>>> print(open('structure_16.csv').read())   # CSV, C-alpha atoms
chain,number,residue,atom,x,y,z
A,24,PRO,CA,60.1,-231.2,109.4
A,25,THR,CA,63.1,-229.8,107.6
A,26,PHE,CA,63.7,-226.1,107.8
A,27,ASN,CA,65.7,-224.0,105.3
A,28,MET,CA,68.0,-221.9,107.4
A,29,THR,CA,68.9,-219.6,104.6
A,30,ALA,CA,66.9,-216.3,104.6
A,31,PRO,CA,64.9,-215.6,101.5
A,32,GLN,CA,66.2,-213.3,98.8
A,33,ASN,CA,63.2,-211.1,98.7
A,34,ASP,CA,64.5,-207.6,99.8
A,35,SER,CA,61.4,-206.9,101.8
A,36,TYR,CA,62.6,-209.2,104.6
A,37,GLN,CA,66.3,-209.6,104.3
A,38,PRO,CA,68.0,-209.4,107.8
A,39,LEU,CA,70.1,-206.4,108.4
A,40,ALA,CA,73.8,-207.0,107.9
A,41,THR,CA,75.7,-208.0,111.0
A,42,SER,CA,79.2,-207.8,109.5
A,43,ALA,CA,81.1,-206.6,106.6
A,44,HIS,CA,81.5,-208.7,103.5
A,45,GLY,CA,79.0,-211.5,104.3
A,46,GLY,CA,76.2,-210.3,106.5
A,47,GLY,CA,74.5,-212.9,108.7
A,48,HIS,CA,74.6,-215.9,106.3
A,49,GLY,CA,78.0,-217.3,107.4
A,50,HIS,CA,78.9,-220.9,107.2
A,51,PHE,CA,78.6,-222.7,110.6
A,52,GLY,CA,82.3,-223.2,110.8
A,53,ALA,CA,83.0,-219.5,110.2
A,54,ARG,CA,80.6,-218.6,113.0
A,55,LEU,CA,82.3,-221.1,115.3
A,56,ILE,CA,85.8,-219.8,114.6
A,57,GLY,CA,84.8,-216.1,114.7
A,58,SER,CA,82.9,-216.4,118.0
A,59,THR,CA,85.7,-218.4,119.5
A,60,VAL,CA,88.3,-215.8,118.5
A,61,ALA,CA,86.1,-213.1,120.0
A,62,GLY,CA,85.7,-215.0,123.3
A,63,VAL,CA,89.4,-215.8,123.8
A,64,SER,CA,90.4,-212.2,122.9
A,65,GLU,CA,87.8,-210.7,125.2
A,66,LEU,CA,88.7,-212.9,128.2
A,67,SER,CA,92.4,-212.0,127.9
A,68,LEU,CA,91.8,-208.3,127.9
A,69,PHE,CA,88.8,-207.8,130.1
A,70,HIS,CA,88.8,-210.4,132.9
A,71,PRO,CA,90.4,-208.0,135.4
A,72,ILE,CA,87.7,-205.4,134.9
A,73,ASP,CA,85.0,-208.0,135.1
A,74,THR,CA,86.5,-209.0,138.5
A,75,VAL,CA,86.4,-205.4,139.7
A,76,ALA,CA,82.7,-205.1,138.7
A,77,LYS,CA,81.7,-208.4,140.4
A,78,ARG,CA,83.5,-207.4,143.6
A,79,LEU,CA,81.8,-204.1,143.7
A,80,MET,CA,78.4,-205.7,143.1
A,81,THR,CA,78.9,-208.2,145.9
A,82,ASN,CA,80.2,-205.6,148.4
A,83,GLU,CA,77.5,-205.1,151.0
A,84,THR,CA,79.0,-202.1,152.8
A,85,LYS,CA,78.7,-198.4,151.9
A,86,LEU,CA,81.8,-197.3,149.9
A,87,MET,CA,81.1,-193.5,149.8
A,88,VAL,CA,81.9,-191.5,153.0
A,89,ALA,CA,80.5,-188.0,152.6
A,90,GLY,CA,83.2,-185.3,152.9
A,91,ASN,CA,86.0,-187.9,153.4
A,92,MET,CA,87.8,-188.9,150.2
A,93,SER,CA,90.5,-190.7,152.0
A,94,SER,CA,88.0,-193.1,153.7
A,95,THR,CA,86.1,-193.5,150.4
A,96,ALA,CA,89.3,-194.4,148.5
A,97,SER,CA,90.3,-196.9,151.3
A,98,ASN,CA,86.9,-198.6,151.2
A,99,VAL,CA,87.0,-198.9,147.4
A,100,ASN,CA,90.6,-200.3,147.6
A,101,HIS,CA,89.6,-203.0,150.1
A,102,ALA,CA,86.4,-203.8,148.1
A,103,ILE,CA,88.4,-204.4,144.9
A,104,PHE,CA,91.7,-205.9,146.0
A,105,ARG,CA,90.5,-207.7,149.2
A,106,ASP,CA,93.6,-209.3,150.9
A,107,ALA,CA,95.9,-207.6,148.4
A,108,ALA,CA,94.7,-204.1,149.3
A,109,GLN,CA,98.0,-203.2,150.9
A,110,ALA,CA,100.2,-205.2,148.6
A,111,SER,CA,102.5,-204.1,145.7
A,112,PHE,CA,101.1,-203.0,142.4
A,113,GLY,CA,102.1,-206.3,140.7
A,114,THR,CA,100.4,-208.3,143.4
A,115,LYS,CA,97.2,-206.2,143.1
A,116,VAL,CA,97.2,-206.9,139.3
A,117,GLY,CA,97.6,-210.6,139.9
A,118,ALA,CA,94.7,-210.5,142.4
A,119,LEU,CA,92.3,-209.5,139.6
A,120,PHE,CA,92.8,-212.8,137.7
A,121,PRO,CA,91.0,-215.3,140.0
A,122,GLY,CA,88.7,-217.8,138.3
A,123,VAL,CA,90.4,-217.4,134.9
A,124,GLY,CA,90.0,-221.1,134.2
A,125,PHE,CA,86.2,-221.1,134.8
A,126,GLY,CA,86.1,-217.7,133.1
A,127,ALA,CA,87.8,-219.1,130.0
A,128,ALA,CA,85.4,-222.0,129.7
A,129,TYR,CA,82.4,-219.8,130.3
A,130,LYS,CA,83.3,-216.9,128.1
A,131,ILE,CA,84.4,-218.9,125.1
A,132,LEU,CA,81.3,-221.2,125.2
A,133,GLN,CA,79.1,-218.2,125.8
A,134,ARG,CA,80.4,-216.3,122.8
A,135,ILE,CA,80.2,-219.3,120.5
A,136,TYR,CA,76.6,-219.8,121.6
A,137,LYS,CA,75.6,-216.2,121.6
A,138,PHE,CA,77.4,-214.6,118.6
A,139,GLY,CA,77.2,-217.8,116.6
A,140,GLY,CA,73.7,-218.9,117.5
A,141,GLN,CA,71.8,-215.6,117.3
A,142,PRO,CA,72.4,-215.1,113.5
A,143,ILE,CA,71.1,-218.6,112.8
A,144,LEU,CA,68.0,-218.2,114.9
A,145,ARG,CA,67.4,-214.7,113.4
A,146,ASP,CA,67.7,-216.0,109.9
A,147,TRP,CA,65.2,-218.8,110.6
A,148,MET,CA,62.8,-216.3,112.3
A,149,THR,CA,63.2,-214.0,109.3
A,150,GLU,CA,62.2,-216.8,106.9
A,151,ARG,CA,59.3,-218.0,109.0
A,152,TYR,CA,57.9,-214.7,110.5
A,153,GLY,CA,59.6,-211.9,108.4
A,154,PRO,CA,56.5,-211.1,106.4
A,155,ASP,CA,54.3,-210.9,109.5
A,156,PHE,CA,56.8,-208.6,111.3
A,157,ASP,CA,57.1,-206.4,108.2
A,158,ALA,CA,53.3,-206.1,107.8
A,159,LYS,CA,52.8,-205.2,111.5
A,160,PHE,CA,55.8,-203.0,112.2
A,161,GLY,CA,57.2,-202.0,108.8
A,162,PRO,CA,60.4,-203.5,107.2
A,163,LYS,CA,63.0,-201.6,109.3
A,164,THR,CA,61.4,-202.0,112.6
A,165,GLY,CA,60.4,-205.5,111.8
A,166,HIS,CA,64.0,-206.5,111.1
A,167,THR,CA,65.1,-204.8,114.3
A,168,LEU,CA,62.5,-206.6,116.4
A,169,ILE,CA,63.3,-210.0,114.8
A,170,SER,CA,67.0,-209.5,115.6
A,171,ALA,CA,66.1,-208.4,119.2
A,172,CYS,CA,63.7,-211.3,119.8
A,173,ALA,CA,66.3,-213.8,118.5
A,174,GLY,CA,68.8,-212.3,120.8
A,175,SER,CA,66.4,-212.5,123.7
A,176,ILE,CA,65.7,-216.2,123.1
A,177,ILE,CA,69.4,-217.0,122.8
A,178,GLY,CA,70.0,-215.0,126.0
A,179,ILE,CA,67.5,-217.2,127.9
A,180,GLY,CA,69.3,-220.3,126.7
A,181,GLU,CA,72.5,-219.1,128.2
A,182,VAL,CA,71.2,-220.4,131.6
A,183,ALA,CA,72.7,-223.8,130.5
A,184,LEU,CA,76.2,-222.3,131.1
A,185,LEU,CA,75.3,-221.0,134.6
A,186,PRO,CA,77.5,-223.5,136.6
A,187,LEU,CA,80.6,-222.2,134.9
A,188,ASP,CA,79.5,-218.6,135.5
A,189,LEU,CA,78.7,-219.3,139.2
A,190,LEU,CA,82.1,-220.9,139.8
A,191,LYS,CA,83.8,-218.0,138.0
A,192,ILE,CA,82.0,-215.5,140.2
A,193,LYS,CA,82.8,-217.4,143.4
A,194,ALA,CA,86.5,-217.6,142.4
A,195,GLN,CA,86.4,-213.8,141.9
A,196,THR,CA,84.5,-212.8,145.0
A,197,ALA,CA,84.5,-215.7,147.5
A,198,PRO,CA,87.5,-218.0,146.7
A,199,GLU,CA,87.4,-219.5,150.2
A,200,GLN,CA,84.3,-221.4,149.1
A,201,LEU,CA,86.3,-223.3,146.5
A,202,HIS,CA,89.6,-223.7,148.4
A,203,GLY,CA,90.8,-227.3,148.3
A,204,ARG,CA,88.0,-228.6,146.2
A,205,GLY,CA,88.4,-230.1,142.7
A,206,VAL,CA,86.1,-229.4,139.8
A,207,VAL,CA,84.7,-233.0,139.7
A,208,GLU,CA,84.0,-232.9,143.5
A,209,ILE,CA,82.2,-229.5,143.2
A,210,PHE,CA,79.9,-230.7,140.4
A,211,THR,CA,79.3,-234.1,142.1
A,212,LYS,CA,78.5,-232.6,145.5
A,213,GLU,CA,76.6,-229.5,144.5
A,214,GLY,CA,74.7,-230.9,141.5
A,215,TRP,CA,71.7,-228.7,140.7
A,216,GLY,CA,72.8,-226.2,143.3
A,217,LEU,CA,75.2,-224.9,140.6
A,218,TYR,CA,72.1,-223.6,138.8
A,219,ARG,CA,71.4,-221.3,141.7
A,220,GLY,CA,70.1,-218.0,140.4
A,221,ALA,CA,68.8,-219.5,137.2
A,222,GLY,CA,65.5,-217.6,137.4
A,223,TRP,CA,67.3,-214.3,138.0
A,224,THR,CA,69.7,-215.1,135.1
A,225,VAL,CA,66.8,-215.6,132.7
A,226,ALA,CA,65.1,-212.4,134.0
A,227,ARG,CA,68.4,-210.5,133.3
A,228,ASN,CA,69.3,-212.1,130.0
A,229,ALA,CA,65.9,-211.8,128.3
A,230,PRO,CA,65.7,-208.0,128.3
A,231,GLY,CA,69.5,-207.6,128.2
A,232,SER,CA,70.1,-209.7,125.1
A,233,PHE,CA,66.9,-208.1,123.5
A,234,ALA,CA,68.5,-204.7,124.0
A,235,LEU,CA,72.0,-205.8,122.9
A,236,PHE,CA,70.9,-207.2,119.5
A,237,GLY,CA,68.0,-204.9,119.0
A,238,GLY,CA,70.1,-201.8,119.8
A,239,ASN,CA,72.8,-203.1,117.5
A,240,ALA,CA,70.3,-203.7,114.6
A,241,ALA,CA,68.5,-200.4,115.2
A,242,ALA,CA,71.8,-198.4,115.1
A,243,LYS,CA,72.7,-200.1,111.8
A,244,SER,CA,69.3,-199.4,110.4
A,245,MET,CA,69.7,-195.7,111.3
A,246,MET,CA,73.1,-195.7,109.6
A,247,GLY,CA,71.5,-197.1,106.4
A,248,ILE,CA,73.4,-200.4,106.6
A,249,SER,CA,71.9,-203.3,104.7
A,250,GLU,CA,73.0,-206.6,103.0
A,251,THR,CA,73.9,-204.6,99.9
A,252,GLN,CA,75.9,-202.1,102.0
A,253,PRO,CA,77.8,-204.1,104.6
A,254,ALA,CA,79.0,-202.4,107.8
A,255,THR,CA,82.5,-201.1,108.1
A,256,TRP,CA,84.6,-201.6,111.2
A,257,THR,CA,83.7,-198.2,112.5
A,258,GLN,CA,80.0,-198.7,111.9
A,259,ASP,CA,80.1,-202.1,113.7
A,260,ALA,CA,81.9,-200.5,116.6
A,261,ILE,CA,79.3,-197.7,117.0
A,262,ALA,CA,76.4,-200.1,116.7
A,263,SER,CA,78.0,-202.5,119.2
A,264,CYS,CA,78.5,-199.8,121.7
A,265,LEU,CA,75.0,-198.5,121.5
A,266,GLY,CA,73.6,-202.0,121.8
A,267,ALA,CA,75.9,-202.8,124.7
A,268,VAL,CA,75.1,-199.7,126.7
A,269,ALA,CA,71.4,-200.3,126.3
A,270,SER,CA,71.8,-203.9,127.4
A,271,ILE,CA,73.8,-203.2,130.5
A,272,SER,CA,71.6,-200.4,131.6
A,273,VAL,CA,68.5,-202.5,131.3
A,274,ALA,CA,69.9,-205.6,133.0
A,275,GLN,CA,72.1,-204.0,135.7
A,276,PRO,CA,69.6,-204.2,138.7
A,277,LEU,CA,68.8,-207.8,138.0
A,278,ASP,CA,72.5,-208.5,137.4
A,279,VAL,CA,73.3,-207.3,140.9
A,280,ILE,CA,70.7,-209.7,142.4
A,281,LYS,CA,71.9,-212.6,140.3
A,282,THR,CA,75.5,-212.0,141.3
A,283,ARG,CA,74.6,-211.8,145.0
A,284,VAL,CA,72.5,-215.0,144.7
A,285,GLN,CA,75.5,-216.8,143.2
A,286,HIS,CA,78.0,-215.2,145.6
A,287,ARG,CA,76.4,-216.5,148.8
A,288,PRO,CA,77.7,-219.8,150.3
A,289,PHE,CA,76.5,-223.1,148.8
A,290,ASN,CA,74.5,-224.0,151.9
A,291,SER,CA,72.9,-220.6,152.3
A,292,PRO,CA,69.1,-220.7,152.1
A,293,GLU,CA,68.6,-216.9,151.5
A,294,SER,CA,66.3,-216.3,148.5
A,295,GLY,CA,66.6,-213.7,145.8
A,296,PHE,CA,63.6,-211.8,147.2
A,297,SER,CA,65.2,-211.8,150.6
A,298,ILE,CA,68.4,-210.4,149.1
A,299,ILE,CA,66.3,-207.6,147.5
A,300,THR,CA,64.6,-206.7,150.8
A,301,ASN,CA,67.9,-206.5,152.7
A,302,LEU,CA,69.6,-204.6,149.9
A,303,VAL,CA,67.0,-201.9,149.8
A,304,ARG,CA,66.8,-201.7,153.6
A,305,LYS,CA,70.6,-201.6,154.3
A,306,GLU,CA,72.0,-200.0,151.2
A,307,GLY,CA,69.2,-198.1,149.4
A,308,PHE,CA,67.9,-198.3,145.9
A,309,SER,CA,71.2,-197.0,144.5
A,310,ALA,CA,72.7,-200.4,145.4
A,311,PHE,CA,70.9,-201.9,142.4
A,312,PHE,CA,73.4,-200.0,140.2
A,313,LYS,CA,76.6,-200.9,142.1
A,314,GLY,CA,79.4,-201.8,139.6
A,315,LEU,CA,77.6,-200.0,136.8
A,316,VAL,CA,80.3,-197.5,136.2
A,317,PRO,CA,83.1,-200.0,135.7
A,318,LYS,CA,80.8,-202.0,133.4
A,319,ILE,CA,79.9,-198.9,131.4
A,320,LEU,CA,83.5,-197.9,131.2
A,321,VAL,CA,84.5,-201.3,129.8
A,322,VAL,CA,81.4,-201.9,127.6
A,323,GLY,CA,82.7,-199.6,124.9
A,324,PRO,CA,86.0,-201.3,124.2
A,325,LYS,CA,84.8,-204.7,125.3
A,326,LEU,CA,81.8,-204.9,122.9
A,327,VAL,CA,83.6,-202.9,120.2
A,328,PHE,CA,86.3,-205.5,120.4
A,329,SER,CA,84.4,-208.8,120.9
A,330,PHE,CA,81.2,-208.1,118.9
A,331,THR,CA,83.1,-206.4,116.0
A,332,VAL,CA,85.8,-209.1,116.0
A,333,ALA,CA,83.2,-211.8,116.0
A,334,GLN,CA,81.3,-210.3,113.1
A,335,HIS,CA,84.3,-209.5,110.9
A,336,THR,CA,86.0,-212.8,111.7
A,337,ILE,CA,82.9,-214.7,110.8
A,338,ALA,CA,82.6,-212.7,107.6
A,339,TYR,CA,86.3,-213.4,106.7
A,340,PHE,CA,86.0,-217.1,107.2
A,341,THR,CA,82.7,-217.2,105.4
A,342,ASN,CA,84.4,-215.8,102.3
A,343,LYS,CA,87.4,-218.2,102.8
A,344,PHE,CA,85.1,-221.2,103.1
A,345,GLY,CA,83.0,-220.0,100.2
A,346,ASN,CA,86.0,-219.8,98.0
>>> encode(input="structure_16.csv", output="structure tokens")
Amino acid sequence: PTFNMTAPQNDSYQPLATSAHGGGHGHFGARLIGSTVAGVSELSLFHPIDTVAKRLMTNETKLMVAGNMSSTASNVNHAIFRDAAQASFGTKVGALFPGVGFGAAYKILQRIYKFGGQPILRDWMTERYGPDFDAKFGPKTGHTLISACAGSIIGIGEVALLPLDLLKIKAQTAPEQLHGRGVVEIFTKEGWGLYRGAGWTVARNAPGSFALFGGNAAAKSMMGISETQPATWTQDAIASCLGAVASISVAQPLDVIKTRVQHRPFNSPESGFSIITNLVRKEGFSAFFKGLVPKILVVGPKLVFSFTVAQHTIAYFTNKFGN
């Protein structure tokens, strides 16, 4: 069957606007360009902070020493900078850029897929199921839930990019596992082992992406943004921040497990459930939120930047292509 990917013009189930001057109906090429620009820009600015968060999440020792700030600072320094802990400032900065090649491939493809794919799926779901959602939840809540569900489905599909994410994390947290090995050799030898943590990735992405796109849509709904009143840069920024904070908070415990599953050596048989048991026994339940502070600190500018840039760049090129 052939599906019409354009949302109906009936105001009762138009999707909420996702960008200024064009909403969510952008040309495929515009979505491709916009999401690519967002991915490249985000990687350039935020890869070091992502490295810090990943290293804190994979650190299995207690960082905080009660009543001893010097020891706490030393522990954090070694957890973040590893072998460069005692090096110069410039060397420390350079130590936060491992795995940038894998990171570039992963981040750009992820943003193209996520920011470019979610509006397409959302528009299709609006056309097929919009009236049902409106009837059951009301127009505003129905629109928000469609956007959230489309985001969740897209998030689950991100598991296809897992090998690049796994290699990026290993380069950031355990570079010795990749030393002296070429990309072709790694993919040939490890095979399906590169999809380690796939189940945990799906478990993290489904609620995380639901909260990201649902929170973004809900915030815009509360601000009164619609197709006839497109979002400004400021409104997109606020909505992106609210969606991102909700997403990271919901997904953080599972993200810690996923990261540790991917961090362990290729030949390690330890399961995710075994990691959870050891984590709770040795580090306590607070360990599920290790690395949350750096992620929350970066989520504002990161999602304001990437999500807003994607939406407005998509809208810009939609208008250019349309003309």
>>> closest_residue(input="structure_16.csv", among="A:Ile319, A:Cys264, A:Ile337, A:Ala96", to="Ala108 (chain A)", atoms="all atoms listed in the file")
A:Ala96
>>> atom_distance(input="structure_16.csv", atom1="CA of Tyr218 (chain A)", atom2="CA of Leu189 (chain A)")
7.9 Å
>>> closest_residue(input="structure_16.csv", among="A:Ser170, A:Gln334, A:Thr211, A:Ser67", to="Gly124 (chain A)", atoms="only C-alpha atoms")
A:Ser67
>>> closest_residue(input="structure_16.csv", among="A:Thr84, A:Ser297, A:Ser175, A:Thr164", to="Phe236 (chain A)", atoms="all atoms listed in the file")
A:Ser175
